[in-house]
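To start, the structure itself, in structure tokens.
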Amino acid sequence: MRRGFQNLTPEAEEGEIDITPMLDVVFIMLIFFIVTASFVKESGIEVNRPDASTSAAKPRANILIAINEGGEIWINKRQVQESQVRANIERLHAENPQGTVVVQADEEAKTKTLVAVMDAARAAGVYDVSLATESP
């Protein structure tokens, strides 16, 4: 019986775990989820958009601006002042020059605020400005 135990050395009893393949799989999965994730842009508030029977979807709308019934302007989940709209649009347009501006105005929002936002977008160099509506 002693002979069986003599073959076991302390080095043979220790085992090493190679985690390199596991890390490779984790990084590949991470890359996969980052590439396939859809990033939804939100303006920051929910508004009651007016109905329109001729509305069409804008596929490249990356600058969303919301105007609520109280005249508050929201861009990227932040409330901004009317004087800051142009600077925000210029910054966002520089990040994606192919994008467009979509204004989500509440049914009860004042036309003065809507026109000021659309004017700021055009002054920022974005001439493709749309108004978001609901399909009836």
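The chains in the structure tokens are called A, B, ... from first to last as shown; in each chain the residues are counted from 1, and the ligands are counted from 1 in the order shown.
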
May I have the residues within 7 Å of range 108-111 of chain A as a PyMOL selection string, using only C-alpha atoms and disregarding those fewer than 5 positions away in the same chain? chain A and resi 67-71

Can you tell me which residues surround range 122-134 of chain A at a distance of at most 8 Å, considering only C-alpha atoms, apart from same-chain residues fewer than 4 positions away, and format the answer as a VMD selection string? chain A and resid 49 to 52 55 86 to 87 89 to 90 93 100 to 105 118

May I have the selected residues written with N, CA, C and O atoms, as an mmCIF file, in the first residue's frame?
```cif
data_model
loop_
_atom_site.group_PDB
_atom_site.id
_atom_site.type_symbol
_atom_site.label_atom_id
_atom_site.label_comp_id
_atom_site.auth_asym_id
_atom_site.auth_seq_id
_atom_site.Cartn_x
_atom_site.Cartn_y
_atom_site.Cartn_z
ATOM 1 N N ARG A 49 -49.021 64.270 -28.344
ATOM 2 C CA ARG A 49 -48.821 64.789 -29.704
ATOM 3 C C ARG A 49 -50.155 64.862 -30.434
ATOM 4 O O ARG A 49 -51.044 64.037 -30.222
ATOM 5 N N PRO A 50 -50.300 65.827 -31.328
ATOM 6 C CA PRO A 50 -51.549 65.936 -32.097
ATOM 7 C C PRO A 50 -51.646 64.808 -33.125
ATOM 8 O O PRO A 50 -50.651 64.241 -33.550
ATOM 9 N N ASP A 51 -52.880 64.489 -33.523
ATOM 10 C CA ASP A 51 -53.118 63.456 -34.531
ATOM 11 C C ASP A 51 -52.916 64.030 -35.933
ATOM 12 O O ASP A 51 -53.235 65.197 -36.193
ATOM 13 N N ALA A 52 -52.394 63.177 -36.831
ATOM 14 C CA ALA A 52 -52.245 63.559 -38.235
ATOM 15 C C ALA A 52 -52.382 62.304 -39.081
ATOM 16 O O ALA A 52 -51.745 61.293 -38.805
ATOM 17 N N SER A 55 -48.985 61.348 -41.397
ATOM 18 C CA SER A 55 -47.661 61.288 -40.752
ATOM 19 C C SER A 55 -46.828 60.162 -41.346
ATOM 20 O O SER A 55 -47.341 59.148 -41.803
ATOM 21 N N ARG A 86 -30.374 76.488 -29.457
ATOM 22 C CA ARG A 86 -29.478 76.510 -30.626
ATOM 23 C C ARG A 86 -28.134 75.851 -30.306
ATOM 24 O O ARG A 86 -27.636 75.045 -31.093
ATOM 25 N N ALA A 87 -27.548 76.172 -29.167
ATOM 26 C CA ALA A 87 -26.248 75.592 -28.802
ATOM 27 C C ALA A 87 -26.343 74.083 -28.627
ATOM 28 O O ALA A 87 -25.448 73.338 -29.053
ATOM 29 N N ILE A 89 -28.534 72.063 -30.110
ATOM 30 C CA ILE A 89 -28.723 71.463 -31.428
ATOM 31 C C ILE A 89 -27.402 71.445 -32.190
ATOM 32 O O ILE A 89 -27.074 70.450 -32.849
ATOM 33 N N GLU A 90 -26.627 72.518 -32.107
ATOM 34 C CA GLU A 90 -25.323 72.548 -32.785
ATOM 35 C C GLU A 90 -24.414 71.440 -32.269
ATOM 36 O O GLU A 90 -23.729 70.770 -33.046
ATOM 37 N N HIS A 93 -25.819 68.054 -33.461
ATOM 38 C CA HIS A 93 -25.655 67.923 -34.912
ATOM 39 C C HIS A 93 -24.198 67.672 -35.283
ATOM 40 O O HIS A 93 -23.917 66.977 -36.262
ATOM 41 N N THR A 100 -31.465 64.317 -38.197
ATOM 42 C CA THR A 100 -32.474 65.357 -38.360
ATOM 43 C C THR A 100 -33.030 65.741 -36.996
ATOM 44 O O THR A 100 -32.809 65.059 -36.001
ATOM 45 N N VAL A 101 -33.773 66.826 -36.968
ATOM 46 C CA VAL A 101 -34.404 67.303 -35.741
ATOM 47 C C VAL A 101 -35.888 66.955 -35.794
ATOM 48 O O VAL A 101 -36.557 67.211 -36.797
ATOM 49 N N VAL A 102 -36.390 66.364 -34.714
ATOM 50 C CA VAL A 102 -37.817 66.088 -34.593
ATOM 51 C C VAL A 102 -38.315 66.786 -33.333
ATOM 52 O O VAL A 102 -37.799 66.556 -32.243
ATOM 53 N N VAL A 103 -39.294 67.636 -33.505
ATOM 54 C CA VAL A 103 -39.881 68.376 -32.392
ATOM 55 C C VAL A 103 -41.151 67.655 -31.966
ATOM 56 O O VAL A 103 -42.062 67.457 -32.770
ATOM 57 N N GLN A 104 -41.196 67.264 -30.698
ATOM 58 C CA GLN A 104 -42.378 66.617 -30.132
ATOM 59 C C GLN A 104 -43.110 67.656 -29.295
ATOM 60 O O GLN A 104 -42.813 67.842 -28.129
ATOM 61 N N ALA A 105 -44.051 68.329 -29.921
ATOM 62 C CA ALA A 105 -44.780 69.388 -29.229
ATOM 63 C C ALA A 105 -46.114 68.861 -28.728
ATOM 64 O O ALA A 105 -46.808 68.124 -29.432
ATOM 65 N N MET A 118 -38.016 75.642 -33.755
ATOM 66 C CA MET A 118 -37.746 75.346 -35.161
ATOM 67 C C MET A 118 -36.799 76.377 -35.765
ATOM 68 O O MET A 118 -35.923 76.041 -36.562
#
```

Enumerate the residues of range 40-125 of chain A with a DSSP assignment of helix (DSSP H, G or I), computed from the backbone, and present them as a PyMOL selection string. chain A and resi 82-95+111-123
